[in-house]
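*Asks:* Once you've had a glance at the structure underneath, I'll fire off some questions.
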Amino acid sequence: MPGNKVNIKLIIEGCRKNNLNSQRILFEYFMGYAMSICLRYSTNKTQAEEILNDGFLKIFKNIDQYDHAFPFKAWLRKIMINTAIDYSRLSKNKVKYIELHESNTIVDDSEPMPVVGLQEDILPILQKLSPAYRMVFNLHVMEGYKHDEIAEMLGIKSSTSRSSFVRAKQKLRKLILQKRKENPLLTKGKYKA
């Protein structure tokens, strides 16, 4: 299905009429894209599938709110991200953010991140981050939100978002270098750690 051209407007109109075939086509067409978003925010594939299913349920339930003046893919992305945030809030293992007072200094973060090559699969490394670090890292780096916006979305302080981001980068740096140490072929002659 993803290789086929579909008339998104027509499919969305079918979804607005609760047409099951239109819903199936929309799901199949955007499933890969939506799953890639969900995987970044989850610890494993099972969790990502739960977020994906919840996200599509929200899409079908709220499809009347979609405005054709904007790209559907962007609307879908926002719903998937918000569903991931909701999932982390409701998770049995409550996401814990480390509160820092404004006077506390954040650890030195001047060391650059290693360059990640195309042959390196960063997703399993990203999934090793704590849910709090992974959430802030994704929202800041992948989605482009500022720390004030992230703080508002997650109900935390801006300083907590910043410190979580710095700690996420430090942990990622450590995990990437550890993975390269375990598999030297990833860096052989191409990348400096």
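Starting from 1 in every chain, residues are counted up; chains themselves are A, B, ... following the order of the structure tokens, and ligands are numbered from 1 as listed.
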Where does DSSP see helix (DSSP H, G or I) in stretch 6-166 of chain A, if you list the residues as a PDB file with N, CA and C atoms, in the first residue's frame?
*Replies:*
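The resulting file, part.pdb, is shown below:
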ATOM      1  N   ILE A   8      -5.544  11.160  -0.512  1.00  0.00           N
ATOM      2  CA  ILE A   8      -5.693  11.336   0.935  1.00  0.00           C
ATOM      3  C   ILE A   8      -7.017  12.038   1.265  1.00  0.00           C
ATOM      4  N   LYS A   9      -7.351  13.062   0.501  1.00  0.00           N
ATOM      5  CA  LYS A   9      -8.600  13.783   0.786  1.00  0.00           C
ATOM      6  C   LYS A   9      -9.802  12.847   0.697  1.00  0.00           C
ATOM      7  N   LEU A  10      -9.816  11.993  -0.315  1.00  0.00           N
ATOM      8  CA  LEU A  10     -10.911  11.045  -0.498  1.00  0.00           C
ATOM      9  C   LEU A  10     -10.943  10.033   0.645  1.00  0.00           C
ATOM     10  N   ILE A  11      -9.779   9.545   1.033  1.00  0.00           N
ATOM     11  CA  ILE A  11      -9.680   8.571   2.122  1.00  0.00           C
ATOM     12  C   ILE A  11     -10.150   9.210   3.433  1.00  0.00           C
ATOM     13  N   ILE A  12      -9.735  10.450   3.680  1.00  0.00           N
ATOM     14  CA  ILE A  12     -10.133  11.148   4.909  1.00  0.00           C
ATOM     15  C   ILE A  12     -11.645  11.350   4.931  1.00  0.00           C
ATOM     16  N   GLU A  13     -12.220  11.695   3.781  1.00  0.00           N
ATOM     17  CA  GLU A  13     -13.675  11.848   3.722  1.00  0.00           C
ATOM     18  C   GLU A  13     -14.368  10.535   4.058  1.00  0.00           C
ATOM     19  N   GLY A  14     -13.807   9.432   3.575  1.00  0.00           N
ATOM     20  CA  GLY A  14     -14.359   8.120   3.917  1.00  0.00           C
ATOM     21  C   GLY A  14     -14.249   7.844   5.407  1.00  0.00           C
ATOM     22  N   CYS A  15     -13.114   8.242   6.008  1.00  0.00           N
ATOM     23  CA  CYS A  15     -12.925   8.060   7.453  1.00  0.00           C
ATOM     24  C   CYS A  15     -13.919   8.900   8.239  1.00  0.00           C
ATOM     25  N   ARG A  16     -14.220  10.083   7.734  1.00  0.00           N
ATOM     26  CA  ARG A  16     -15.201  10.948   8.416  1.00  0.00           C
ATOM     27  C   ARG A  16     -16.594  10.316   8.410  1.00  0.00           C
ATOM     28  N   LEU A  20     -15.038   1.695   7.095  1.00  0.00           N
ATOM     29  CA  LEU A  20     -13.966   0.818   7.581  1.00  0.00           C
ATOM     30  C   LEU A  20     -12.867   0.610   6.545  1.00  0.00           C
ATOM     31  N   ASN A  21     -13.219   0.553   5.273  1.00  0.00           N
ATOM     32  CA  ASN A  21     -12.220   0.367   4.227  1.00  0.00           C
ATOM     33  C   ASN A  21     -11.306   1.597   4.141  1.00  0.00           C
ATOM     34  N   SER A  22     -11.879   2.784   4.258  1.00  0.00           N
ATOM     35  CA  SER A  22     -11.070   4.014   4.249  1.00  0.00           C
ATOM     36  C   SER A  22     -10.137   4.050   5.461  1.00  0.00           C
ATOM     37  N   GLN A  23     -10.653   3.638   6.615  1.00  0.00           N
ATOM     38  CA  GLN A  23      -9.819   3.608   7.820  1.00  0.00           C
ATOM     39  C   GLN A  23      -8.662   2.626   7.659  1.00  0.00           C
ATOM     40  N   ARG A  24      -8.952   1.456   7.071  1.00  0.00           N
ATOM     41  CA  ARG A  24      -7.912   0.462   6.848  1.00  0.00           C
ATOM     42  C   ARG A  24      -6.835   0.997   5.904  1.00  0.00           C
ATOM     43  N   ILE A  25      -7.271   1.645   4.821  1.00  0.00           N
ATOM     44  CA  ILE A  25      -6.325   2.194   3.848  1.00  0.00           C
ATOM     45  C   ILE A  25      -5.465   3.276   4.495  1.00  0.00           C
ATOM     46  N   LEU A  26      -6.086   4.167   5.258  1.00  0.00           N
ATOM     47  CA  LEU A  26      -5.339   5.237   5.929  1.00  0.00           C
ATOM     48  C   LEU A  26      -4.320   4.646   6.903  1.00  0.00           C
ATOM     49  N   PHE A  27      -4.764   3.656   7.682  1.00  0.00           N
ATOM     50  CA  PHE A  27      -3.875   2.998   8.645  1.00  0.00           C
ATOM     51  C   PHE A  27      -2.690   2.354   7.929  1.00  0.00           C
ATOM     52  N   GLU A  28      -2.957   1.577   6.893  1.00  0.00           N
ATOM     53  CA  GLU A  28      -1.885   0.877   6.173  1.00  0.00           C
ATOM     54  C   GLU A  28      -0.936   1.861   5.490  1.00  0.00           C
ATOM     55  N   TYR A  29      -1.476   2.935   4.964  1.00  0.00           N
ATOM     56  CA  TYR A  29      -0.660   3.911   4.245  1.00  0.00           C
ATOM     57  C   TYR A  29       0.308   4.647   5.172  1.00  0.00           C
ATOM     58  N   PHE A  30      -0.155   5.004   6.371  1.00  0.00           N
ATOM     59  CA  PHE A  30       0.669   5.798   7.302  1.00  0.00           C
ATOM     60  C   PHE A  30       1.264   4.981   8.443  1.00  0.00           C
ATOM     61  N   MET A  31       1.010   3.688   8.484  1.00  0.00           N
ATOM     62  CA  MET A  31       1.463   2.867   9.597  1.00  0.00           C
ATOM     63  C   MET A  31       2.987   2.911   9.779  1.00  0.00           C
ATOM     64  N   GLY A  32       3.747   2.767   8.708  1.00  0.00           N
ATOM     65  CA  GLY A  32       5.204   2.774   8.809  1.00  0.00           C
ATOM     66  C   GLY A  32       5.736   4.087   9.359  1.00  0.00           C
ATOM     67  N   TYR A  33       5.218   5.175   8.849  1.00  0.00           N
ATOM     68  CA  TYR A  33       5.629   6.507   9.311  1.00  0.00           C
ATOM     69  C   TYR A  33       5.278   6.702  10.785  1.00  0.00           C
ATOM     70  N   ALA A  34       4.039   6.352  11.135  1.00  0.00           N
ATOM     71  CA  ALA A  34       3.586   6.521  12.522  1.00  0.00           C
ATOM     72  C   ALA A  34       4.369   5.611  13.460  1.00  0.00           C
ATOM     73  N   MET A  35       4.655   4.391  13.020  1.00  0.00           N
ATOM     74  CA  MET A  35       5.400   3.454  13.867  1.00  0.00           C
ATOM     75  C   MET A  35       6.811   3.963  14.126  1.00  0.00           C
ATOM     76  N   SER A  36       7.430   4.610  13.145  1.00  0.00           N
ATOM     77  CA  SER A  36       8.778   5.142  13.354  1.00  0.00           C
ATOM     78  C   SER A  36       8.775   6.208  14.454  1.00  0.00           C
ATOM     79  N   ILE A  37       7.716   6.969  14.542  1.00  0.00           N
ATOM     80  CA  ILE A  37       7.583   7.970  15.598  1.00  0.00           C
ATOM     81  C   ILE A  37       7.394   7.261  16.941  1.00  0.00           C
ATOM     82  N   CYS A  38       6.486   6.310  16.975  1.00  0.00           N
ATOM     83  CA  CYS A  38       6.173   5.603  18.218  1.00  0.00           C
ATOM     84  C   CYS A  38       7.385   4.847  18.764  1.00  0.00           C
ATOM     85  N   LEU A  39       8.175   4.255  17.894  1.00  0.00           N
ATOM     86  CA  LEU A  39       9.367   3.520  18.338  1.00  0.00           C
ATOM     87  C   LEU A  39      10.368   4.429  19.045  1.00  0.00           C
ATOM     88  N   ARG A  40      10.489   5.667  18.570  1.00  0.00           N
ATOM     89  CA  ARG A  40      11.424   6.602  19.212  1.00  0.00           C
ATOM     90  C   ARG A  40      11.010   6.956  20.626  1.00  0.00           C
ATOM     91  N   TYR A  41       9.720   6.928  20.905  1.00  0.00           N
ATOM     92  CA  TYR A  41       9.212   7.320  22.212  1.00  0.00           C
ATOM     93  C   TYR A  41       8.981   6.136  23.139  1.00  0.00           C
ATOM     94  N   LYS A  45       9.078  -2.642  21.005  1.00  0.00           N
ATOM     95  CA  LYS A  45       8.108  -2.680  19.902  1.00  0.00           C
ATOM     96  C   LYS A  45       6.676  -2.852  20.412  1.00  0.00           C
ATOM     97  N   THR A  46       6.497  -3.641  21.455  1.00  0.00           N
ATOM     98  CA  THR A  46       5.157  -3.857  22.001  1.00  0.00           C
ATOM     99  C   THR A  46       4.560  -2.545  22.499  1.00  0.00           C
ATOM    100  N   GLN A  47       5.356  -1.784  23.222  1.00  0.00           N
ATOM    101  CA  GLN A  47       4.904  -0.483  23.719  1.00  0.00           C
ATOM    102  C   GLN A  47       4.609   0.461  22.550  1.00  0.00           C
ATOM    103  N   ALA A  48       5.466   0.432  21.541  1.00  0.00           N
ATOM    104  CA  ALA A  48       5.259   1.278  20.355  1.00  0.00           C
ATOM    105  C   ALA A  48       3.955   0.924  19.652  1.00  0.00           C
ATOM    106  N   GLU A  49       3.640  -0.370  19.582  1.00  0.00           N
ATOM    107  CA  GLU A  49       2.393  -0.799  18.948  1.00  0.00           C
ATOM    108  C   GLU A  49       1.176  -0.306  19.732  1.00  0.00           C
ATOM    109  N   GLU A  50       1.278  -0.304  21.064  1.00  0.00           N
ATOM    110  CA  GLU A  50       0.178   0.221  21.884  1.00  0.00           C
ATOM    111  C   GLU A  50      -0.033   1.707  21.611  1.00  0.00           C
ATOM    112  N   ILE A  51       1.054   2.453  21.542  1.00  0.00           N
ATOM    113  CA  ILE A  51       0.967   3.884  21.252  1.00  0.00           C
ATOM    114  C   ILE A  51       0.397   4.099  19.855  1.00  0.00           C
ATOM    115  N   LEU A  52       0.864   3.315  18.898  1.00  0.00           N
ATOM    116  CA  LEU A  52       0.385   3.399  17.511  1.00  0.00           C
ATOM    117  C   LEU A  52      -1.129   3.165  17.444  1.00  0.00           C
ATOM    118  N   ASN A  53      -1.591   2.096  18.084  1.00  0.00           N
ATOM    119  CA  ASN A  53      -3.022   1.784  18.049  1.00  0.00           C
ATOM    120  C   ASN A  53      -3.844   2.868  18.729  1.00  0.00           C
ATOM    121  N   ASP A  54      -3.385   3.332  19.894  1.00  0.00           N
ATOM    122  CA  ASP A  54      -4.095   4.416  20.586  1.00  0.00           C
ATOM    123  C   ASP A  54      -4.123   5.680  19.729  1.00  0.00           C
ATOM    124  N   GLY A  55      -2.986   5.962  19.073  1.00  0.00           N
ATOM    125  CA  GLY A  55      -2.899   7.146  18.213  1.00  0.00           C
ATOM    126  C   GLY A  55      -3.879   7.083  17.052  1.00  0.00           C
ATOM    127  N   PHE A  56      -3.966   5.915  16.399  1.00  0.00           N
ATOM    128  CA  PHE A  56      -4.907   5.795  15.281  1.00  0.00           C
ATOM    129  C   PHE A  56      -6.357   5.842  15.756  1.00  0.00           C
ATOM    130  N   LEU A  57      -6.631   5.315  16.942  1.00  0.00           N
ATOM    131  CA  LEU A  57      -7.989   5.444  17.483  1.00  0.00           C
ATOM    132  C   LEU A  57      -8.345   6.919  17.669  1.00  0.00           C
ATOM    133  N   LYS A  58      -7.384   7.714  18.163  1.00  0.00           N
ATOM    134  CA  LYS A  58      -7.612   9.157  18.326  1.00  0.00           C
ATOM    135  C   LYS A  58      -7.814   9.827  16.973  1.00  0.00           C
ATOM    136  N   ILE A  59      -7.030   9.404  15.994  1.00  0.00           N
ATOM    137  CA  ILE A  59      -7.155   9.980  14.649  1.00  0.00           C
ATOM    138  C   ILE A  59      -8.554   9.719  14.094  1.00  0.00           C
ATOM    139  N   PHE A  60      -9.019   8.472  14.179  1.00  0.00           N
ATOM    140  CA  PHE A  60     -10.337   8.143  13.633  1.00  0.00           C
ATOM    141  C   PHE A  60     -11.455   8.824  14.419  1.00  0.00           C
ATOM    142  N   LYS A  61     -11.277   8.941  15.717  1.00  0.00           N
ATOM    143  CA  LYS A  61     -12.295   9.569  16.561  1.00  0.00           C
ATOM    144  C   LYS A  61     -12.375  11.079  16.309  1.00  0.00           C
ATOM    145  N   ILE A  63     -11.143  12.770  13.475  1.00  0.00           N
ATOM    146  CA  ILE A  63     -10.838  13.099  12.080  1.00  0.00           C
ATOM    147  C   ILE A  63     -11.599  14.337  11.601  1.00  0.00           C
ATOM    148  N   ASP A  64     -12.746  14.626  12.197  1.00  0.00           N
ATOM    149  CA  ASP A  64     -13.510  15.819  11.818  1.00  0.00           C
ATOM    150  C   ASP A  64     -12.770  17.104  12.176  1.00  0.00           C
ATOM    151  N   GLN A  65     -11.823  17.029  13.118  1.00  0.00           N
ATOM    152  CA  GLN A  65     -11.058  18.216  13.519  1.00  0.00           C
ATOM    153  C   GLN A  65      -9.907  18.516  12.559  1.00  0.00           C
ATOM    154  N   PHE A  72      -1.813  16.489   6.192  1.00  0.00           N
ATOM    155  CA  PHE A  72      -2.326  15.453   7.084  1.00  0.00           C
ATOM    156  C   PHE A  72      -1.201  14.787   7.868  1.00  0.00           C
ATOM    157  N   LYS A  73      -0.081  14.590   7.216  1.00  0.00           N
ATOM    158  CA  LYS A  73       1.048  13.912   7.855  1.00  0.00           C
ATOM    159  C   LYS A  73       1.501  14.663   9.116  1.00  0.00           C
ATOM    160  N   ALA A  74       1.494  15.979   9.071  1.00  0.00           N
ATOM    161  CA  ALA A  74       1.886  16.783  10.236  1.00  0.00           C
ATOM    162  C   ALA A  74       0.860  16.632  11.356  1.00  0.00           C
ATOM    163  N   TRP A  75      -0.407  16.574  10.993  1.00  0.00           N
ATOM    164  CA  TRP A  75      -1.470  16.386  11.988  1.00  0.00           C
ATOM    165  C   TRP A  75      -1.333  15.019  12.649  1.00  0.00           C
ATOM    166  N   LEU A  76      -1.096  13.996  11.828  1.00  0.00           N
ATOM    167  CA  LEU A  76      -0.904  12.643  12.328  1.00  0.00           C
ATOM    168  C   LEU A  76       0.301  12.580  13.269  1.00  0.00           C
ATOM    169  N   ARG A  77       1.389  13.223  12.876  1.00  0.00           N
ATOM    170  CA  ARG A  77       2.613  13.240  13.690  1.00  0.00           C
ATOM    171  C   ARG A  77       2.341  13.838  15.064  1.00  0.00           C
ATOM    172  N   LYS A  78       1.616  14.944  15.089  1.00  0.00           N
ATOM    173  CA  LYS A  78       1.306  15.609  16.356  1.00  0.00           C
ATOM    174  C   LYS A  78       0.470  14.699  17.247  1.00  0.00           C
ATOM    175  N   ILE A  79      -0.483  14.006  16.661  1.00  0.00           N
ATOM    176  CA  ILE A  79      -1.314  13.093  17.446  1.00  0.00           C
ATOM    177  C   ILE A  79      -0.478  11.944  18.002  1.00  0.00           C
ATOM    178  N   MET A  80       0.418  11.399  17.206  1.00  0.00           N
ATOM    179  CA  MET A  80       1.262  10.294  17.674  1.00  0.00           C
ATOM    180  C   MET A  80       2.172  10.753  18.817  1.00  0.00           C
ATOM    181  N   ILE A  81       2.727  11.938  18.690  1.00  0.00           N
ATOM    182  CA  ILE A  81       3.597  12.464  19.749  1.00  0.00           C
ATOM    183  C   ILE A  81       2.788  12.698  21.020  1.00  0.00           C
ATOM    184  N   ASN A  82       1.626  13.310  20.891  1.00  0.00           N
ATOM    185  CA  ASN A  82       0.783  13.553  22.072  1.00  0.00           C
ATOM    186  C   ASN A  82       0.312  12.247  22.698  1.00  0.00           C
ATOM    187  N   THR A  83       0.066  11.240  21.885  1.00  0.00           N
ATOM    188  CA  THR A  83      -0.324   9.930  22.409  1.00  0.00           C
ATOM    189  C   THR A  83       0.836   9.309  23.181  1.00  0.00           C
ATOM    190  N   ALA A  84       2.043   9.463  22.669  1.00  0.00           N
ATOM    191  CA  ALA A  84       3.228   8.959  23.377  1.00  0.00           C
ATOM    192  C   ALA A  84       3.403   9.674  24.719  1.00  0.00           C
ATOM    193  N   ILE A  85       3.159  10.971  24.733  1.00  0.00           N
ATOM    194  CA  ILE A  85       3.245  11.740  25.983  1.00  0.00           C
ATOM    195  C   ILE A  85       2.174  11.246  26.960  1.00  0.00           C
ATOM    196  N   ASP A  86       0.952  11.079  26.470  1.00  0.00           N
ATOM    197  CA  ASP A  86      -0.129  10.563  27.325  1.00  0.00           C
ATOM    198  C   ASP A  86       0.219   9.180  27.862  1.00  0.00           C
ATOM    199  N   TYR A  87       0.777   8.344  27.013  1.00  0.00           N
ATOM    200  CA  TYR A  87       1.148   6.985  27.412  1.00  0.00           C
ATOM    201  C   TYR A  87       2.179   7.022  28.542  1.00  0.00           C
ATOM    202  N   SER A  88       3.159   7.913  28.419  1.00  0.00           N
ATOM    203  CA  SER A  88       4.192   7.987  29.461  1.00  0.00           C
ATOM    204  C   SER A  88       3.605   8.497  30.775  1.00  0.00           C
ATOM    205  N   ARG A  89       2.611   9.375  30.689  1.00  0.00           N
ATOM    206  CA  ARG A  89       1.958   9.879  31.905  1.00  0.00           C
ATOM    207  C   ARG A  89       1.186   8.779  32.613  1.00  0.00           C
ATOM    208  N   LEU A  90       0.553   7.911  31.837  1.00  0.00           N
ATOM    209  CA  LEU A  90      -0.291   6.870  32.406  1.00  0.00           C
ATOM    210  C   LEU A  90       0.458   5.568  32.689  1.00  0.00           C
ATOM    211  N   LEU A 123      18.225   3.532  17.065  1.00  0.00           N
ATOM    212  CA  LEU A 123      16.972   3.315  17.776  1.00  0.00           C
ATOM    213  C   LEU A 123      17.128   2.446  19.029  1.00  0.00           C
ATOM    214  N   PRO A 124      17.814   1.284  18.963  1.00  0.00           N
ATOM    215  CA  PRO A 124      17.963   0.492  20.191  1.00  0.00           C
ATOM    216  C   PRO A 124      18.718   1.250  21.293  1.00  0.00           C
ATOM    217  N   ILE A 125      19.627   2.109  20.898  1.00  0.00           N
ATOM    218  CA  ILE A 125      20.360   2.907  21.877  1.00  0.00           C
ATOM    219  C   ILE A 125      19.431   3.948  22.492  1.00  0.00           C
ATOM    220  N   LEU A 126      18.647   4.600  21.662  1.00  0.00           N
ATOM    221  CA  LEU A 126      17.689   5.602  22.136  1.00  0.00           C
ATOM    222  C   LEU A 126      16.676   4.966  23.094  1.00  0.00           C
ATOM    223  N   PRO A 131      12.591   6.668  30.263  1.00  0.00           N
ATOM    224  CA  PRO A 131      11.467   7.309  29.564  1.00  0.00           C
ATOM    225  C   PRO A 131      11.518   8.836  29.638  1.00  0.00           C
ATOM    226  N   ALA A 132      11.917   9.383  30.779  1.00  0.00           N
ATOM    227  CA  ALA A 132      11.967  10.843  30.932  1.00  0.00           C
ATOM    228  C   ALA A 132      13.019  11.452  30.008  1.00  0.00           C
ATOM    229  N   TYR A 133      14.207  10.882  29.985  1.00  0.00           N
ATOM    230  CA  TYR A 133      15.278  11.400  29.130  1.00  0.00           C
ATOM    231  C   TYR A 133      14.917  11.245  27.661  1.00  0.00           C
ATOM    232  N   ARG A 134      14.361  10.068  27.310  1.00  0.00           N
ATOM    233  CA  ARG A 134      13.998   9.798  25.916  1.00  0.00           C
ATOM    234  C   ARG A 134      12.927  10.789  25.441  1.00  0.00           C
ATOM    235  N   MET A 135      11.957  11.057  26.305  1.00  0.00           N
ATOM    236  CA  MET A 135      10.869  11.970  25.945  1.00  0.00           C
ATOM    237  C   MET A 135      11.417  13.371  25.661  1.00  0.00           C
ATOM    238  N   VAL A 136      12.214  13.899  26.576  1.00  0.00           N
ATOM    239  CA  VAL A 136      12.758  15.252  26.411  1.00  0.00           C
ATOM    240  C   VAL A 136      13.693  15.310  25.206  1.00  0.00           C
ATOM    241  N   PHE A 137      14.545  14.310  25.049  1.00  0.00           N
ATOM    242  CA  PHE A 137      15.479  14.279  23.928  1.00  0.00           C
ATOM    243  C   PHE A 137      14.715  14.295  22.598  1.00  0.00           C
ATOM    244  N   ASN A 138      13.717  13.437  22.460  1.00  0.00           N
ATOM    245  CA  ASN A 138      12.934  13.382  21.221  1.00  0.00           C
ATOM    246  C   ASN A 138      12.204  14.692  20.948  1.00  0.00           C
ATOM    247  N   LEU A 139      11.562  15.228  21.979  1.00  0.00           N
ATOM    248  CA  LEU A 139      10.804  16.464  21.772  1.00  0.00           C
ATOM    249  C   LEU A 139      11.723  17.623  21.373  1.00  0.00           C
ATOM    250  N   HIS A 140      12.916  17.664  21.950  1.00  0.00           N
ATOM    251  CA  HIS A 140      13.835  18.774  21.649  1.00  0.00           C
ATOM    252  C   HIS A 140      14.565  18.565  20.315  1.00  0.00           C
ATOM    253  N   VAL A 141      15.173  17.392  20.149  1.00  0.00           N
ATOM    254  CA  VAL A 141      16.013  17.156  18.964  1.00  0.00           C
ATOM    255  C   VAL A 141      15.184  16.789  17.735  1.00  0.00           C
ATOM    256  N   MET A 142      14.286  15.847  17.887  1.00  0.00           N
ATOM    257  CA  MET A 142      13.563  15.329  16.731  1.00  0.00           C
ATOM    258  C   MET A 142      12.379  16.210  16.317  1.00  0.00           C
ATOM    259  N   HIS A 147      12.723  24.214  25.286  1.00  0.00           N
ATOM    260  CA  HIS A 147      12.560  23.652  26.631  1.00  0.00           C
ATOM    261  C   HIS A 147      11.345  24.218  27.362  1.00  0.00           C
ATOM    262  N   ASP A 148      11.012  25.475  27.116  1.00  0.00           N
ATOM    263  CA  ASP A 148       9.811  26.048  27.739  1.00  0.00           C
ATOM    264  C   ASP A 148       8.552  25.321  27.247  1.00  0.00           C
ATOM    265  N   GLU A 149       8.520  24.995  25.945  1.00  0.00           N
ATOM    266  CA  GLU A 149       7.379  24.285  25.374  1.00  0.00           C
ATOM    267  C   GLU A 149       7.303  22.856  25.916  1.00  0.00           C
ATOM    268  N   ILE A 150       8.454  22.212  26.007  1.00  0.00           N
ATOM    269  CA  ILE A 150       8.507  20.844  26.538  1.00  0.00           C
ATOM    270  C   ILE A 150       8.025  20.833  27.985  1.00  0.00           C
ATOM    271  N   ALA A 151       8.498  21.812  28.754  1.00  0.00           N
ATOM    272  CA  ALA A 151       8.100  21.900  30.159  1.00  0.00           C
ATOM    273  C   ALA A 151       6.592  22.014  30.281  1.00  0.00           C
ATOM    274  N   GLU A 152       5.980  22.829  29.443  1.00  0.00           N
ATOM    275  CA  GLU A 152       4.531  22.999  29.480  1.00  0.00           C
ATOM    276  C   GLU A 152       3.818  21.704  29.078  1.00  0.00           C
ATOM    277  N   MET A 153       4.317  21.039  28.051  1.00  0.00           N
ATOM    278  CA  MET A 153       3.704  19.802  27.572  1.00  0.00           C
ATOM    279  C   MET A 153       3.759  18.697  28.623  1.00  0.00           C
ATOM    280  N   LEU A 154       4.891  18.624  29.334  1.00  0.00           N
ATOM    281  CA  LEU A 154       5.097  17.523  30.272  1.00  0.00           C
ATOM    282  C   LEU A 154       4.766  17.875  31.714  1.00  0.00           C
ATOM    283  N   SER A 158      11.158  24.231  33.190  1.00  0.00           N
ATOM    284  CA  SER A 158      12.038  24.384  32.034  1.00  0.00           C
ATOM    285  C   SER A 158      13.455  23.901  32.368  1.00  0.00           C
ATOM    286  N   SER A 159      13.902  24.193  33.588  1.00  0.00           N
ATOM    287  CA  SER A 159      15.243  23.757  34.005  1.00  0.00           C
ATOM    288  C   SER A 159      15.324  22.229  34.076  1.00  0.00           C
ATOM    289  N   THR A 160      14.217  21.594  34.422  1.00  0.00           N
ATOM    290  CA  THR A 160      14.177  20.132  34.462  1.00  0.00           C
ATOM    291  C   THR A 160      14.280  19.572  33.052  1.00  0.00           C
ATOM    292  N   SER A 161      13.629  20.217  32.099  1.00  0.00           N
ATOM    293  CA  SER A 161      13.728  19.794  30.708  1.00  0.00           C
ATOM    294  C   SER A 161      15.168  19.909  30.224  1.00  0.00           C
ATOM    295  N   ARG A 162      15.800  21.042  30.521  1.00  0.00           N
ATOM    296  CA  ARG A 162      17.192  21.243  30.102  1.00  0.00           C
ATOM    297  C   ARG A 162      18.122  20.194  30.715  1.00  0.00           C
ATOM    298  N   SER A 163      17.981  19.973  32.007  1.00  0.00           N
ATOM    299  CA  SER A 163      18.884  19.018  32.668  1.00  0.00           C
ATOM    300  C   SER A 163      18.620  17.599  32.163  1.00  0.00           C
ATOM    301  N   SER A 164      17.366  17.256  31.905  1.00  0.00           N
ATOM    302  CA  SER A 164      17.056  15.932  31.355  1.00  0.00           C
ATOM    303  C   SER A 164      17.671  15.777  29.969  1.00  0.00           C
ATOM    304  N   PHE A 165      17.639  16.853  29.198  1.00  0.00           N
ATOM    305  CA  PHE A 165      18.229  16.811  27.855  1.00  0.00           C
ATOM    306  C   PHE A 165      19.743  16.602  27.924  1.00  0.00           C
ATOM    307  N   VAL A 166      20.397  17.352  28.793  1.00  0.00           N
ATOM    308  CA  VAL A 166      21.852  17.220  28.934  1.00  0.00           C
ATOM    309  C   VAL A 166      22.213  15.807  29.382  1.00  0.00           C
TER     310      VAL A 166
END
*Asks:* When you draw a straight line from atom CA of A:Ser130 to atom CA of A:Lys171, how long is it in Å?
*Replies:* 9.6 Å
*Asks:* How many Å lie between atom CA of A:Ile122 and atom CA of A:Gly155, rounded to one decimal?
*Replies:* 27.8 Å
*Asks:* What is the distance, in Å and to one decimal place, between atom CA of A:Ile156 and atom CA of A:Ile176?
*Replies:* 27.9 Å
